[in-house]
$ cat coords.cif   # mmCIF, C-alpha atoms
data_target
#
loop_
_atom_site.label_atom_id
_atom_site.label_comp_id
_atom_site.auth_asym_id
_atom_site.auth_seq_id
_atom_site.Cartn_x
_atom_site.Cartn_y
_atom_site.Cartn_z
CA MET A 1 -13.18 5.26 5.17
CA ASN A 2 -9.88 3.55 4.59
CA LEU A 3 -6.70 5.55 4.88
CA ILE A 4 -3.32 4.89 3.34
CA ARG A 5 -0.06 6.32 4.60
CA MET A 6 3.11 6.11 2.57
CA GLN A 7 6.60 6.94 3.75
CA TRP A 8 10.07 7.08 2.20
CA PRO A 9 13.24 9.10 2.92
CA GLU A 10 12.90 12.89 2.65
CA ARG A 11 15.95 13.22 0.41
CA ILE A 12 16.27 10.83 -2.54
CA THR A 13 18.91 11.08 -5.25
CA ALA A 14 18.65 9.55 -8.73
CA GLY A 15 19.73 5.90 -8.84
CA GLU A 16 19.24 5.36 -5.12
CA VAL A 17 17.37 2.31 -3.81
CA VAL A 18 14.82 3.46 -1.23
CA LYS A 19 12.56 1.65 1.19
CA VAL A 20 8.87 2.46 0.86
CA ARG A 21 6.59 1.83 3.84
CA LEU A 22 2.88 1.54 3.19
CA LEU A 23 0.26 1.39 5.95
CA VAL A 24 -3.30 0.58 4.90
CA GLN A 25 -6.09 1.15 7.39
CA HIS A 26 -8.45 -1.78 6.77
CA PRO A 27 -10.20 -4.20 9.19
CA MET A 28 -9.06 -7.35 7.33
CA ASP A 29 -12.00 -9.35 8.78
CA THR A 30 -11.30 -13.08 8.44
CA GLY A 31 -14.90 -14.31 8.51
CA TYR A 32 -14.22 -16.36 11.68
CA LEU A 33 -14.79 -13.60 14.26
CA GLN A 34 -18.12 -13.24 16.04
CA ASP A 35 -19.77 -9.98 17.05
CA LEU A 36 -21.29 -9.38 20.52
CA LEU A 37 -24.46 -11.23 19.54
CA GLY A 38 -22.56 -14.32 18.36
CA LYS A 39 -23.13 -13.62 14.67
CA LEU A 40 -20.15 -14.16 12.35
CA VAL A 41 -18.61 -10.98 10.98
CA PRO A 42 -18.47 -11.46 7.17
CA ARG A 43 -15.06 -11.88 5.58
CA ASN A 44 -13.63 -8.66 4.18
CA VAL A 45 -9.94 -8.64 3.31
CA ILE A 46 -7.97 -6.77 0.70
CA ARG A 47 -7.85 -9.00 -2.39
CA LEU A 48 -5.32 -7.05 -4.42
CA LEU A 49 -3.05 -4.10 -3.75
CA THR A 50 -0.78 -2.62 -6.43
CA CYS A 51 1.74 0.23 -6.42
CA THR A 52 2.98 1.94 -9.54
CA LEU A 53 5.79 4.47 -9.75
CA GLY A 54 5.23 6.53 -12.86
CA PRO A 55 4.14 4.06 -15.56
CA GLN A 56 5.78 0.97 -13.97
CA GLU A 57 4.24 -1.40 -11.44
CA VAL A 58 6.75 -1.77 -8.60
CA PHE A 59 4.79 -3.78 -6.01
CA ARG A 60 1.84 -6.18 -6.06
CA VAL A 61 0.38 -8.23 -3.23
CA GLU A 62 -2.66 -10.49 -2.89
CA PRO A 63 -3.09 -10.69 0.90
CA SER A 64 -5.12 -13.40 2.59
CA SER A 65 -7.03 -13.55 5.85
CA GLY A 66 -3.75 -14.40 7.61
CA ILE A 67 -2.69 -10.74 7.58
CA ALA A 68 -3.62 -8.60 10.59
CA ALA A 69 -5.83 -5.54 10.49
CA ASN A 70 -4.19 -2.35 9.23
CA PRO A 71 -1.43 -4.16 7.32
CA LEU A 72 2.01 -2.62 6.89
CA PHE A 73 3.93 -3.40 3.72
CA GLU A 74 7.57 -2.55 3.01
CA PHE A 75 9.33 -2.80 -0.33
CA PHE A 76 12.29 -1.28 -2.15
CA VAL A 77 12.38 0.72 -5.39
CA ARG A 78 15.19 2.28 -7.40
CA ALA A 79 14.36 5.95 -7.84
CA THR A 80 15.46 7.42 -11.16
CA ASP A 81 13.16 10.43 -11.73
CA THR A 82 10.51 12.38 -9.88
CA ALA A 83 7.28 10.46 -10.37
CA GLU A 84 3.90 9.81 -8.83
CA MET A 85 3.50 6.70 -6.67
CA ARG A 86 -0.06 5.39 -7.04
CA VAL A 87 -1.53 2.77 -4.70
CA GLU A 88 -4.74 0.98 -5.64
CA TRP A 89 -6.58 -1.77 -3.78
CA VAL A 90 -9.84 -3.71 -3.86
CA ASP A 91 -11.39 -5.78 -1.05
CA ASP A 92 -13.90 -8.64 -0.80
CA ARG A 93 -16.85 -6.25 -0.69
CA GLY A 94 -15.79 -4.64 -3.95
CA ASN A 95 -14.63 -1.42 -2.28
CA HIS A 96 -11.83 0.30 -4.17
CA GLY A 97 -9.24 2.64 -2.78
CA GLU A 98 -6.60 4.82 -4.36
CA PHE A 99 -3.83 7.01 -3.00
CA ARG A 100 -1.27 9.13 -4.85
CA GLN A 101 1.91 10.76 -3.62
CA THR A 102 4.77 12.31 -5.58
CA MET A 103 8.27 10.93 -4.99
CA VAL A 104 10.69 13.81 -5.54
CA VAL A 105 14.08 12.59 -6.83
CA LEU A 106 17.07 14.94 -6.92
CA PRO A 107 19.66 14.65 -9.69
CA ALA A 108 22.70 12.53 -8.86
CA ALA A 109 25.79 14.49 -7.85
CA PRO A 110 28.42 14.68 -10.64
CA LYS A 111 31.51 12.57 -10.05
#

$ encode --input "coords.cif" --output "structure tokens"
Amino acid sequence: MNLIRMQWPERITAGEVVKVRLLVQHPMDTGYLQDLLGKLVPRNVIRLLTCTLGPQEVFRVEPSSGIAANPLFEFFVRATDTAEMRVEWVDDRGNHGEFRQTMVVLPAAPK
């Protein structure tokens, strides 16, 4: 089973740009590695990973076999309202994964 962990600051105010860290537990097998019997391990890498915040796509990546196992992605988003961050991915074997986490955004302080 593949796990996804997502992290951002605990306290986010409206209009703030925040860094999102995304760790995906996946073997990212290149197809060049051999098992103990000398047989090639079939290629299995994430083909597409997308992140949406509310209705808007905020991050998209199409990794290749050059990315290590359990890849870590970092990207920035401007938080305006509390919304759900949804991560979806598909790999070479056709396996799909999805993870959802709510980003709570506090109202901006009046000036």

$ residues_around --input "coords.cif" --residues "A:Val77" --least-positions-apart "6" --cutoff "10 Å" --atoms "all atoms listed in the file" --output "JSON list (two decimals) with C-alpha atoms, in the frame of the given file"
[["chain", "number", "residue", "atom", "x", "y", "z"],
["A", 15, "GLY", "CA", 19.73, 5.90, -8.84],
["A", 16, "GLU", "CA", 19.24, 5.36, -5.12],
["A", 17, "VAL", "CA", 17.37, 2.31, -3.81],
["A", 18, "VAL", "CA", 14.82, 3.46, -1.23],
["A", 19, "LYS", "CA", 12.56, 1.65, 1.19],
["A", 20, "VAL", "CA", 8.87, 2.46, 0.86],
["A", 53, "LEU", "CA", 5.79, 4.47, -9.75],
["A", 58, "VAL", "CA", 6.75, -1.77, -8.60],
["A", 59, "PHE", "CA", 4.79, -3.78, -6.01]]

$ axis_aligned_box --input "coords.cif" --around "stretch 63-67 of chain A" --padding-each-side "4 Å" --output "JSON"
{"center_x": -4.9, "center_y": -12.5, "center_z": 4.3, "size_x": 12.3, "size_y": 11.7, "size_z": 14.7}

$ atom_distance --input "coords.cif" --atom1 "atom CA of A:Met6" --atom2 "atom CA of A:Ala109"
26.3 Å

$ resolve_selection --input "coords.cif" --expression "the PyMOL selection byres ((chain A and resi 41-48) around 8)" --output "PyMOL selection string"
chain A and resi 26-35+39-40+49-50+60-65+89-93

$ closest_residue --input "coords.cif" --among "A:Leu72, A:Leu37, A:Leu3, A:Ile67" --to "A:Leu23" --atoms "all atoms listed in the file"
A:Leu72

$ resolve_selection --input "coords.cif" --expression "the PyMOL selection byres ((chain A and resi 105) around 7)" --output "mmCIF file with C-alpha atoms, keeping the file's coordinate frame"
data_model
loop_
_atom_site.group_PDB
_atom_site.id
_atom_site.type_symbol
_atom_site.label_atom_id
_atom_site.label_comp_id
_atom_site.auth_asym_id
_atom_site.auth_seq_id
_atom_site.Cartn_x
_atom_site.Cartn_y
_atom_site.Cartn_z
ATOM 1 C CA ILE A 12 16.270 10.830 -2.540
ATOM 2 C CA THR A 13 18.910 11.080 -5.250
ATOM 3 C CA ALA A 14 18.650 9.550 -8.730
ATOM 4 C CA ALA A 79 14.360 5.950 -7.840
ATOM 5 C CA THR A 80 15.460 7.420 -11.160
ATOM 6 C CA ASP A 81 13.160 10.430 -11.730
ATOM 7 C CA THR A 82 10.510 12.380 -9.880
ATOM 8 C CA MET A 103 8.270 10.930 -4.990
ATOM 9 C CA VAL A 104 10.690 13.810 -5.540
ATOM 10 C CA LEU A 106 17.070 14.940 -6.920
ATOM 11 C CA PRO A 107 19.660 14.650 -9.690
#

$ resolve_selection --input "coords.cif" --expression "the PyMOL selection byres ((chain A and resi 55) around 10)" --output "list in words"
Thr52, Leu53, Gly54, Gln56, Glu57, Val58, Ala83, Glu84, Met85 and Arg86 of chain A

$ atom_distance --input "coords.cif" --atom1 "atom CA of A:Asn70" --atom2 "atom CA of A:Thr102"
22.7 Å

$ atom_distance --input "coords.cif" --atom1 "atom CA of A:Ala69" --atom2 "atom CA of A:Gly38"
20.5 Å

$ closest_residue --input "coords.cif" --among "A:Arg5, A:Glu88, A:Leu22, A:Arg11" --to "A:Glu74" --atoms "all atoms listed in the file"
A:Leu22
